[in-house]
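Here is coords_20.cif, consisting of mmCIF, C-alpha atoms:
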data_input
loop_
_atom_site.label_atom_id
_atom_site.label_comp_id
_atom_site.auth_asym_id
_atom_site.auth_seq_id
_atom_site.Cartn_x
_atom_site.Cartn_y
_atom_site.Cartn_z
CA MET H 1 -63.06 -58.35 64.65
CA LYS H 2 -62.01 -61.90 63.80
CA ASN H 3 -58.69 -60.48 62.71
CA ILE H 4 -57.97 -59.70 66.35
CA VAL H 5 -57.59 -63.46 66.90
CA TYR H 6 -54.81 -63.49 64.32
CA MET H 7 -53.21 -60.52 65.96
CA ILE H 8 -53.21 -62.23 69.36
CA VAL H 9 -51.65 -65.33 67.80
CA GLY H 10 -49.06 -63.01 66.25
CA ILE H 11 -48.29 -61.41 69.61
CA VAL H 12 -47.79 -64.81 71.24
CA PHE H 13 -45.62 -65.90 68.32
CA GLY H 14 -43.50 -62.73 68.51
CA LEU H 15 -43.06 -63.10 72.27
CA THR H 16 -42.06 -66.74 71.87
CA LEU H 17 -39.53 -65.94 69.17
CA ILE H 18 -37.82 -63.33 71.33
CA LYS H 19 -37.99 -65.15 74.65
CA SER H 20 -36.82 -68.50 73.29
CA GLN H 21 -33.89 -66.64 71.69
CA VAL H 22 -34.42 -68.43 68.39
CA ILE H 23 -34.32 -65.10 66.57
CA SER H 24 -30.84 -64.42 67.87
CA TRP H 25 -28.14 -64.08 65.26
CA TYR H 26 -25.73 -65.69 67.75
CA ARG H 27 -28.00 -68.68 68.33
CA ILE H 28 -28.30 -69.22 64.60
CA GLN H 29 -24.51 -69.18 64.14
CA GLU H 30 -24.32 -71.65 67.01
CA MET H 31 -26.81 -73.91 65.27
CA PHE H 32 -24.86 -73.80 62.00
CA LEU H 33 -21.68 -74.70 63.90
CA PHE H 34 -23.51 -77.63 65.57
CA ASP H 35 -22.32 -76.17 68.85
CA SER H 36 -25.45 -76.33 71.01
CA PHE H 37 -28.68 -78.22 71.43
CA HIS H 38 -30.67 -75.02 71.99
CA MET H 39 -32.08 -74.42 68.48
CA TYR H 40 -32.55 -78.12 67.77
CA GLY H 41 -34.46 -78.48 71.04
CA VAL H 42 -36.78 -75.59 70.24
CA ILE H 43 -37.36 -76.77 66.67
CA GLY H 44 -37.83 -80.37 67.86
CA ILE H 45 -40.51 -79.41 70.35
CA ALA H 46 -42.15 -77.22 67.72
CA ILE H 47 -42.30 -80.19 65.34
CA ILE H 48 -43.92 -82.37 68.03
CA THR H 49 -46.44 -79.62 68.83
CA ALA H 50 -47.21 -79.15 65.15
CA SER H 51 -47.75 -82.90 64.70
CA ILE H 52 -50.24 -82.98 67.54
CA GLY H 53 -51.89 -79.87 66.13
CA ILE H 54 -52.25 -81.32 62.65
CA ILE H 55 -53.66 -84.60 63.97
CA ALA H 56 -56.14 -82.75 66.21
CA LEU H 57 -57.21 -80.42 63.39
CA LYS H 58 -57.79 -83.34 61.02
CA LYS H 59 -59.68 -85.34 63.62
CA HIS H 60 -62.06 -82.51 64.49
CA GLN H 61 -62.26 -81.18 60.95
CA SER H 62 -61.83 -77.70 62.35
CA THR H 63 -62.59 -74.54 60.49
CA SER H 64 -60.71 -71.26 60.74
CA SER H 65 -62.28 -68.19 62.33
CA GLN H 66 -63.42 -67.27 58.81
CA ASN H 67 -65.32 -70.59 58.68
CA ILE H 68 -63.01 -72.03 56.08
CA PRO H 69 -62.03 -75.70 56.64
CA ILE H 70 -58.38 -75.92 57.65
CA THR H 71 -56.44 -77.90 55.10
CA VAL H 72 -52.71 -78.29 54.72
CA PRO H 73 -51.66 -76.92 51.34
CA LYS H 74 -49.79 -79.38 49.19
CA LYS H 75 -46.16 -78.43 48.81
CA ASN H 76 -44.78 -79.05 45.36
CA TRP H 77 -41.24 -80.08 44.64
CA ILE H 78 -38.92 -77.17 44.78
CA LYS H 79 -35.65 -76.31 43.16
CA ALA H 80 -32.48 -76.71 45.19
CA GLN H 81 -31.38 -73.22 44.16
CA SER H 82 -34.33 -71.74 46.00
CA TRP H 83 -33.06 -73.24 49.24
CA VAL H 84 -29.57 -71.98 48.61
CA ALA H 85 -30.97 -68.49 48.10
CA PHE H 86 -32.99 -68.62 51.29
CA TYR H 87 -30.30 -70.15 53.47
CA LEU H 88 -27.57 -67.85 52.26
CA GLY H 89 -29.78 -64.97 53.30
CA TRP H 90 -30.69 -66.64 56.56
CA SER H 91 -27.12 -67.46 57.53
CA LEU H 92 -25.90 -64.01 56.54
CA ILE H 93 -28.21 -62.02 58.77
CA GLY H 94 -29.82 -64.66 60.93
CA ALA H 95 -33.38 -63.46 60.67
CA CYS H 96 -35.95 -65.15 58.48
CA PRO H 97 -39.36 -63.71 57.58
CA GLY H 98 -40.97 -64.10 61.02
CA PRO H 99 -38.12 -62.97 63.27
CA MET H 100 -37.41 -59.82 61.25
CA TYR H 101 -40.75 -58.39 62.40
CA ALA H 102 -40.21 -59.53 65.99
CA LEU H 103 -36.74 -57.96 66.02
CA LEU H 104 -38.12 -54.72 64.62
CA GLY H 105 -40.69 -54.65 67.39
CA ASN H 106 -37.94 -55.45 69.86
CA GLY H 107 -36.24 -52.18 68.92
CA ALA H 108 -33.77 -53.42 66.33
CA MET H 109 -34.67 -50.74 63.78
CA VAL H 110 -31.92 -51.85 61.42
CA TYR H 111 -34.01 -54.93 60.57
CA GLY H 112 -36.53 -52.58 58.97
CA ILE H 113 -34.12 -52.49 56.04
CA GLU H 114 -34.30 -56.28 55.84
CA ILE H 115 -38.11 -56.16 55.69
CA LEU H 116 -37.96 -53.71 52.80
CA THR H 117 -35.34 -55.64 50.84
CA ALA H 118 -37.14 -58.94 51.51
CA LEU H 119 -40.32 -57.44 50.04
CA LEU H 120 -38.23 -56.26 47.10
CA GLY H 121 -36.93 -59.82 46.76
CA VAL H 122 -40.46 -61.20 46.53
CA PHE H 123 -41.36 -58.51 44.01
CA VAL H 124 -38.33 -59.31 41.84
CA PHE H 125 -39.18 -63.02 42.12
CA GLY H 126 -42.64 -62.21 40.79
CA LEU H 127 -41.16 -60.28 37.90
CA THR H 128 -38.65 -62.96 36.97
CA ILE H 129 -39.03 -66.66 37.81
CA GLU H 130 -42.75 -66.78 38.61
CA GLN H 131 -43.50 -64.83 35.47
CA LYS H 132 -41.57 -67.27 33.28
CA SER H 133 -42.89 -70.46 34.83
CA GLY H 134 -46.46 -69.28 35.14
CA MET U 1 -46.76 -47.33 36.54
CA TYR U 2 -46.47 -49.47 39.63
CA CYS U 3 -50.01 -50.75 39.18
CA GLY U 4 -49.24 -51.41 35.53
CA ILE U 5 -46.48 -53.78 36.57
CA THR U 6 -48.47 -55.59 39.20
CA ASN U 7 -51.39 -56.29 36.87
CA LYS U 8 -49.18 -57.95 34.30
CA VAL U 9 -47.30 -60.10 36.78
CA ILE U 10 -49.04 -63.40 37.53
CA ILE U 11 -47.91 -63.68 41.13
CA PHE U 12 -49.57 -60.39 42.03
CA ASN U 13 -52.90 -61.23 40.41
CA TYR U 14 -54.77 -62.07 43.56
CA SER U 15 -57.26 -60.46 45.82
CA LEU U 16 -55.78 -59.01 48.97
CA LYS U 17 -58.92 -59.14 51.05
CA PRO U 18 -58.85 -62.84 52.06
CA HIS U 19 -55.27 -62.23 53.17
CA TYR U 20 -55.94 -59.33 55.52
CA TRP U 21 -55.49 -61.68 58.44
CA SER U 22 -51.82 -62.13 57.61
CA LEU U 23 -51.29 -58.38 57.96
CA PHE U 24 -52.86 -58.55 61.41
CA PHE U 25 -50.65 -61.53 62.22
CA VAL U 26 -47.50 -59.65 61.17
CA GLY U 27 -48.64 -56.63 63.19
CA GLY U 28 -49.05 -58.97 66.15
CA VAL U 29 -45.52 -60.31 65.74
CA ILE U 30 -44.13 -56.75 65.81
CA LEU U 31 -46.24 -56.03 68.92
CA GLY U 32 -45.06 -59.26 70.51
CA GLY U 33 -41.45 -58.21 69.99
CA PHE U 34 -42.23 -54.87 71.59
CA ILE U 35 -43.99 -56.44 74.56
CA ALA U 36 -40.99 -58.76 75.05
CA LEU U 37 -38.91 -55.62 75.72
CA ASN U 38 -40.86 -54.93 78.90
CA PHE U 39 -41.63 -58.49 79.86
CA GLY U 40 -39.14 -60.39 81.99
CA GLN U 41 -35.41 -60.01 81.98
CA VAL U 42 -33.15 -59.35 79.04
CA ALA U 43 -31.89 -62.74 77.98
CA SER U 44 -28.25 -63.49 78.46
CA LEU U 45 -26.95 -65.88 75.87
CA ALA U 46 -24.89 -68.80 77.13
CA LEU U 47 -23.23 -69.70 73.86
CA GLY U 48 -21.16 -72.78 73.07
CA GLN U 49 -17.36 -72.70 73.00
CA LYS U 50 -17.03 -73.13 69.23
CA THR U 51 -19.38 -70.20 68.67
CA LEU U 52 -17.49 -67.97 71.09
CA SER U 53 -14.15 -68.65 69.39
CA PHE U 54 -15.85 -68.14 66.02
CA LEU U 55 -16.96 -64.68 67.14
CA THR U 56 -13.49 -63.84 68.46
CA ASN U 57 -11.90 -65.02 65.21
CA LYS U 58 -14.24 -62.75 63.26
CA GLY U 59 -13.34 -59.81 65.46
CA LEU U 60 -16.86 -59.49 66.81
CA LEU U 61 -17.73 -58.48 70.35
CA LEU U 62 -19.29 -61.06 72.65
CA PRO U 63 -23.08 -60.83 72.79
CA THR U 64 -24.72 -58.06 74.76
CA GLY U 65 -28.10 -58.52 73.13
CA LEU U 66 -29.87 -60.79 70.71
CA TYR U 67 -28.06 -59.61 67.61
CA PRO U 68 -24.55 -58.24 66.99
CA LEU U 69 -24.89 -54.51 67.51
CA ASP U 70 -21.31 -53.98 66.39
CA LEU U 71 -22.11 -55.57 63.02
CA PHE U 72 -25.68 -54.51 62.34
CA ASN U 73 -26.07 -50.82 62.96
CA PHE U 74 -26.86 -47.87 60.74
CA HIS U 75 -23.26 -46.62 60.82
CA ASN U 76 -21.61 -49.83 59.69
CA THR U 77 -21.63 -49.98 55.90
CA LYS U 78 -20.65 -53.67 55.84
CA GLY U 79 -23.52 -54.55 58.15
CA ILE U 80 -25.99 -52.59 56.04
CA VAL U 81 -24.73 -54.26 52.86
CA LEU U 82 -25.19 -57.65 54.57
CA ILE U 83 -28.72 -56.75 55.62
CA ILE U 84 -29.70 -55.49 52.17
CA LEU U 85 -28.22 -58.54 50.44
CA GLY U 86 -29.48 -61.03 53.00
CA GLY U 87 -32.94 -59.50 53.11
CA PHE U 88 -33.25 -59.72 49.35
CA LEU U 89 -32.14 -63.36 49.36
CA ILE U 90 -34.56 -64.19 52.15
CA GLY U 91 -37.54 -62.62 50.40
CA PHE U 92 -36.63 -64.10 47.04
CA GLY U 93 -35.71 -67.52 48.45
CA THR U 94 -38.72 -67.90 50.71
CA ARG U 95 -41.14 -67.23 47.91
CA TRP U 96 -39.21 -69.46 45.53
CA ALA U 97 -38.98 -72.36 47.99
CA ASN U 98 -42.66 -72.01 48.98
CA GLY U 99 -41.80 -71.62 52.63
CA CYS U 100 -39.28 -70.60 55.23
CA THR U 101 -37.73 -72.26 58.25
CA SER U 102 -40.90 -72.88 60.18
CA GLY U 103 -42.87 -73.68 57.06
CA HIS U 104 -40.59 -76.50 55.98
CA SER U 105 -38.68 -77.65 59.02
CA ILE U 106 -41.45 -77.43 61.60
CA PHE U 107 -44.76 -77.70 59.80
CA GLY U 108 -43.45 -79.66 56.83
CA ILE U 109 -41.74 -82.34 58.92
CA ALA U 110 -44.69 -82.55 61.32
CA ASN U 111 -46.91 -83.20 58.34
CA LEU U 112 -44.40 -85.73 56.97
CA LYS U 113 -44.00 -83.92 53.68
CA THR U 114 -41.13 -85.53 51.80
CA VAL U 115 -40.21 -82.27 50.10
CA SER U 116 -39.73 -80.54 53.43
CA ILE U 117 -37.70 -83.34 54.96
CA VAL U 118 -35.43 -83.46 51.93
CA ALA U 119 -35.10 -79.69 52.00
CA ILE U 120 -33.99 -79.66 55.61
CA ILE U 121 -31.65 -82.64 55.33
CA SER U 122 -30.02 -81.27 52.20
CA PHE U 123 -29.40 -77.99 53.95
CA PHE U 124 -27.80 -79.44 57.05
CA CYS U 125 -25.76 -81.88 54.99
CA ARG U 126 -24.55 -79.15 52.74
CA ARG U 127 -23.34 -77.00 55.58
CA PRO U 128 -20.27 -78.91 56.83
CA PHE U 129 -19.02 -79.54 53.30
CA ASP U 130 -18.80 -76.22 51.58
CA ASP U 131 -18.54 -73.92 54.58
CA SER U 132 -20.33 -71.37 52.46
CA PHE U 133 -21.40 -69.33 55.42
CA HIS U 134 -17.85 -68.49 56.39
CA PHE U 135 -16.98 -67.95 52.78
CA TRP U 136 -19.72 -65.38 52.37
CA LEU U 137 -19.26 -63.68 55.67
CA ASN U 138 -15.50 -63.44 55.64
CA PRO U 139 -14.95 -60.46 53.37
CA LEU U 140 -17.77 -58.55 55.01
CA ILE U 141 -16.98 -58.84 58.69
CA PRO U 142 -15.12 -55.86 60.16
CA GLU U 143 -11.46 -56.50 60.86
#

Let me see whether you can do it: turn the structure in this file into structure tokens.
Amino acid sequence: MKNIVYMIVGIVFGLTLIKSQVISWYRIQEMFLFDSFHMYGVIGIAIITASIGIIALKKHQSTSSQNIPITVPKKNWIKAQSWVAFYLGWSLIGACPGPMYALLGNGAMVYGIEILTALLGVFVFGLTIEQKSG
Amino acid sequence: MYCGITNKVIIFNYSLKPHYWSLFFVGGVILGGFIALNFGQVASLALGQKTLSFLTNKGLLLPTGLYPLDLFNFHNTKGIVLIILGGFLIGFGTRWANGCTSGHSIFGIANLKTVSIVAIISFFCRRPFDDSFHFWLNPLIPE
């Protein structure tokens, strides 16, 4: 039942992604060409909202709906190549892991292929790099 | 055989149950996209001039929807190759980098994580120099 909360959050997130046009391939090209404020505005407001959210969560020591304290996982230093891999993919098809689901729901069935190959990518990562470093 | 692989691979040695919520979340995102179809008007994209001439130079049609239908459809081999390749890179890269756009640029910066800020700056600094996007896209865009 608690999972319904997550689903509602997902619905709001999906709606926002579509309606703010940030999932648009065209908007993403525009961003890479530094041709419009649109994407930077959306991301900027998102950063401000997230800052307020993090401060509020820390102040109230909130727990998730599963009664687990909400903590921000520590991000370790990452390799530059990993960014290159992600951004090449992102700039090629203009849909990162969230938007590809929203686009699929929006009727863009062709992004179903992306979901499958992205899952394959994670699987291959597990078989190769993670396996070696772990 | 499949299970044999997953048991030996470290990354897949985890219990799925505490992560059920993420499946519900993803399902919600798909639903949200579907609801957006019947909610309000279809967005018209007012793109910048540089972007419009970029599209014309690449021989692409001007936007009628959120994504280029003339590039990404089931009948366009180049588009499908792009999707397969890009999808793989996105899945591989996201896992490798421990996060995607929102993870690093939005949440990471909001939380003042140095790694995220460096990641974002390095990306946007890289872009004007090597023009890699055009380089990669060029041979694949329909004439």

Check: Using all atoms listed in the file, what residues lie at most 10 Å away from (-28.4, -57.1, 52.0) (file coordinates), given as a VMD selection string?
Finding: (chain H and resid 89 92 to 93 113 to 114 117 to 118) or (chain U and resid 78 to 90)

Next item on the list: Dump as a ChimeraX atom specification the residues of chain U that approach chain H to within 6 Å, counting only C-alpha atoms.
Entry: /U:11,21,24-25,28-34,36-37,48,51,66-67,83-84,86-94,96-97,106,110,115

Notebook entry, point to check: Could you state the separation of atom CA of U:Gly59 and atom CA of U:Phe74 in Å, given to one decimal place?
Noted result: 18.6 Å

Next item on the list: Could you please determine the separation between atom CA of U:Ser116 and atom CA of U:His104 in Å, to one decimal place?
Entry: 4.9 Å

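The coordinates place atom CA of U:Val118 at 24.8 Å from atom CA of H:Ile70.
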
Export stretch 118-129 of chain H, all heavy atoms, as a PDB file, in the first residue's frame; it's the structure right above.
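As written to disk, out.pdb reads:
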ATOM      1  N   ALA H 118      19.284   0.009 -22.424  1.00  0.00           N
ATOM      2  CA  ALA H 118      19.859   0.608 -21.217  1.00  0.00           C
ATOM      3  C   ALA H 118      20.005  -0.450 -20.129  1.00  0.00           C
ATOM      4  O   ALA H 118      21.024  -0.513 -19.436  1.00  0.00           O
ATOM      5  CB  ALA H 118      18.996   1.756 -20.719  1.00  0.00           C
ATOM      6  N   LEU H 119      18.989  -1.322 -20.003  1.00  0.00           N
ATOM      7  CA  LEU H 119      19.073  -2.408 -19.025  1.00  0.00           C
ATOM      8  C   LEU H 119      20.224  -3.346 -19.385  1.00  0.00           C
ATOM      9  O   LEU H 119      20.956  -3.807 -18.514  1.00  0.00           O
ATOM     10  CB  LEU H 119      17.744  -3.173 -18.970  1.00  0.00           C
ATOM     11  CG  LEU H 119      16.578  -2.424 -18.326  1.00  0.00           C
ATOM     12  CD1 LEU H 119      15.290  -3.212 -18.499  1.00  0.00           C
ATOM     13  CD2 LEU H 119      16.846  -2.174 -16.850  1.00  0.00           C
ATOM     14  N   LEU H 120      20.383  -3.577 -20.682  1.00  0.00           N
ATOM     15  CA  LEU H 120      21.500  -4.402 -21.145  1.00  0.00           C
ATOM     16  C   LEU H 120      22.827  -3.743 -20.774  1.00  0.00           C
ATOM     17  O   LEU H 120      23.772  -4.412 -20.344  1.00  0.00           O
ATOM     18  CB  LEU H 120      21.400  -4.606 -22.668  1.00  0.00           C
ATOM     19  CG  LEU H 120      22.497  -5.461 -23.288  1.00  0.00           C
ATOM     20  CD1 LEU H 120      22.282  -6.930 -22.974  1.00  0.00           C
ATOM     21  CD2 LEU H 120      22.572  -5.265 -24.800  1.00  0.00           C
ATOM     22  N   GLY H 121      22.867  -2.401 -20.916  1.00  0.00           N
ATOM     23  CA  GLY H 121      24.074  -1.658 -20.563  1.00  0.00           C
ATOM     24  C   GLY H 121      24.451  -1.844 -19.108  1.00  0.00           C
ATOM     25  O   GLY H 121      25.614  -2.073 -18.779  1.00  0.00           O
ATOM     26  N   VAL H 122      23.440  -1.769 -18.227  1.00  0.00           N
ATOM     27  CA  VAL H 122      23.691  -1.967 -16.795  1.00  0.00           C
ATOM     28  C   VAL H 122      24.193  -3.387 -16.543  1.00  0.00           C
ATOM     29  O   VAL H 122      25.130  -3.617 -15.774  1.00  0.00           O
ATOM     30  CB  VAL H 122      22.410  -1.715 -15.973  1.00  0.00           C
ATOM     31  CG1 VAL H 122      22.663  -1.974 -14.504  1.00  0.00           C
ATOM     32  CG2 VAL H 122      21.927  -0.290 -16.167  1.00  0.00           C
ATOM     33  N   PHE H 123      23.568  -4.337 -17.229  1.00  0.00           N
ATOM     34  CA  PHE H 123      23.935  -5.745 -17.066  1.00  0.00           C
ATOM     35  C   PHE H 123      25.391  -5.967 -17.483  1.00  0.00           C
ATOM     36  O   PHE H 123      26.166  -6.592 -16.757  1.00  0.00           O
ATOM     37  CB  PHE H 123      22.987  -6.619 -17.895  1.00  0.00           C
ATOM     38  CG  PHE H 123      23.122  -8.076 -17.618  1.00  0.00           C
ATOM     39  CD1 PHE H 123      22.555  -8.625 -16.481  1.00  0.00           C
ATOM     40  CD2 PHE H 123      23.818  -8.896 -18.482  1.00  0.00           C
ATOM     41  CE1 PHE H 123      22.682  -9.969 -16.207  1.00  0.00           C
ATOM     42  CE2 PHE H 123      23.949 -10.238 -18.225  1.00  0.00           C
ATOM     43  CZ  PHE H 123      23.385 -10.779 -17.084  1.00  0.00           C
ATOM     44  N   VAL H 124      25.747  -5.394 -18.646  1.00  0.00           N
ATOM     45  CA  VAL H 124      27.126  -5.545 -19.137  1.00  0.00           C
ATOM     46  C   VAL H 124      28.099  -4.842 -18.190  1.00  0.00           C
ATOM     47  O   VAL H 124      29.185  -5.350 -17.924  1.00  0.00           O
ATOM     48  CB  VAL H 124      27.253  -5.006 -20.582  1.00  0.00           C
ATOM     49  CG1 VAL H 124      28.711  -4.982 -21.031  1.00  0.00           C
ATOM     50  CG2 VAL H 124      26.431  -5.864 -21.527  1.00  0.00           C
ATOM     51  N   PHE H 125      27.679  -3.697 -17.644  1.00  0.00           N
ATOM     52  CA  PHE H 125      28.522  -3.009 -16.652  1.00  0.00           C
ATOM     53  C   PHE H 125      28.792  -3.934 -15.471  1.00  0.00           C
ATOM     54  O   PHE H 125      29.913  -4.041 -14.989  1.00  0.00           O
ATOM     55  CB  PHE H 125      27.842  -1.725 -16.172  1.00  0.00           C
ATOM     56  CG  PHE H 125      28.584  -1.044 -15.066  1.00  0.00           C
ATOM     57  CD1 PHE H 125      29.657  -0.230 -15.354  1.00  0.00           C
ATOM     58  CD2 PHE H 125      28.231  -1.255 -13.742  1.00  0.00           C
ATOM     59  CE1 PHE H 125      30.367   0.390 -14.344  1.00  0.00           C
ATOM     60  CE2 PHE H 125      28.943  -0.644 -12.722  1.00  0.00           C
ATOM     61  CZ  PHE H 125      30.011   0.175 -13.021  1.00  0.00           C
ATOM     62  N   GLY H 126      27.742  -4.603 -15.013  1.00  0.00           N
ATOM     63  CA  GLY H 126      27.883  -5.533 -13.894  1.00  0.00           C
ATOM     64  C   GLY H 126      28.840  -6.672 -14.203  1.00  0.00           C
ATOM     65  O   GLY H 126      29.592  -7.117 -13.348  1.00  0.00           O
ATOM     66  N   LEU H 127      28.804  -7.114 -15.456  1.00  0.00           N
ATOM     67  CA  LEU H 127      29.663  -8.228 -15.850  1.00  0.00           C
ATOM     68  C   LEU H 127      31.108  -7.801 -16.034  1.00  0.00           C
ATOM     69  O   LEU H 127      32.012  -8.613 -15.910  1.00  0.00           O
ATOM     70  CB  LEU H 127      29.171  -8.820 -17.184  1.00  0.00           C
ATOM     71  CG  LEU H 127      27.870  -9.608 -17.151  1.00  0.00           C
ATOM     72  CD1 LEU H 127      27.496 -10.009 -18.562  1.00  0.00           C
ATOM     73  CD2 LEU H 127      28.010 -10.847 -16.285  1.00  0.00           C
ATOM     74  N   THR H 128      31.321  -6.518 -16.352  1.00  0.00           N
ATOM     75  CA  THR H 128      32.681  -6.093 -16.688  1.00  0.00           C
ATOM     76  C   THR H 128      33.315  -5.272 -15.572  1.00  0.00           C
ATOM     77  O   THR H 128      33.986  -5.820 -14.699  1.00  0.00           O
ATOM     78  CB  THR H 128      32.680  -5.280 -18.000  1.00  0.00           C
ATOM     79  OG1 THR H 128      31.739  -4.208 -17.879  1.00  0.00           O
ATOM     80  CG2 THR H 128      32.290  -6.150 -19.165  1.00  0.00           C
ATOM     81  N   ILE H 129      33.071  -3.970 -15.556  1.00  0.00           N
ATOM     82  CA  ILE H 129      33.797  -3.062 -14.670  1.00  0.00           C
ATOM     83  C   ILE H 129      33.521  -3.331 -13.192  1.00  0.00           C
ATOM     84  O   ILE H 129      34.446  -3.461 -12.388  1.00  0.00           O
ATOM     85  CB  ILE H 129      33.478  -1.604 -15.036  1.00  0.00           C
ATOM     86  CG1 ILE H 129      34.055  -1.312 -16.420  1.00  0.00           C
ATOM     87  CG2 ILE H 129      34.032  -0.639 -14.001  1.00  0.00           C
ATOM     88  CD1 ILE H 129      33.581  -0.056 -17.053  1.00  0.00           C
TER      89      ILE H 129
END
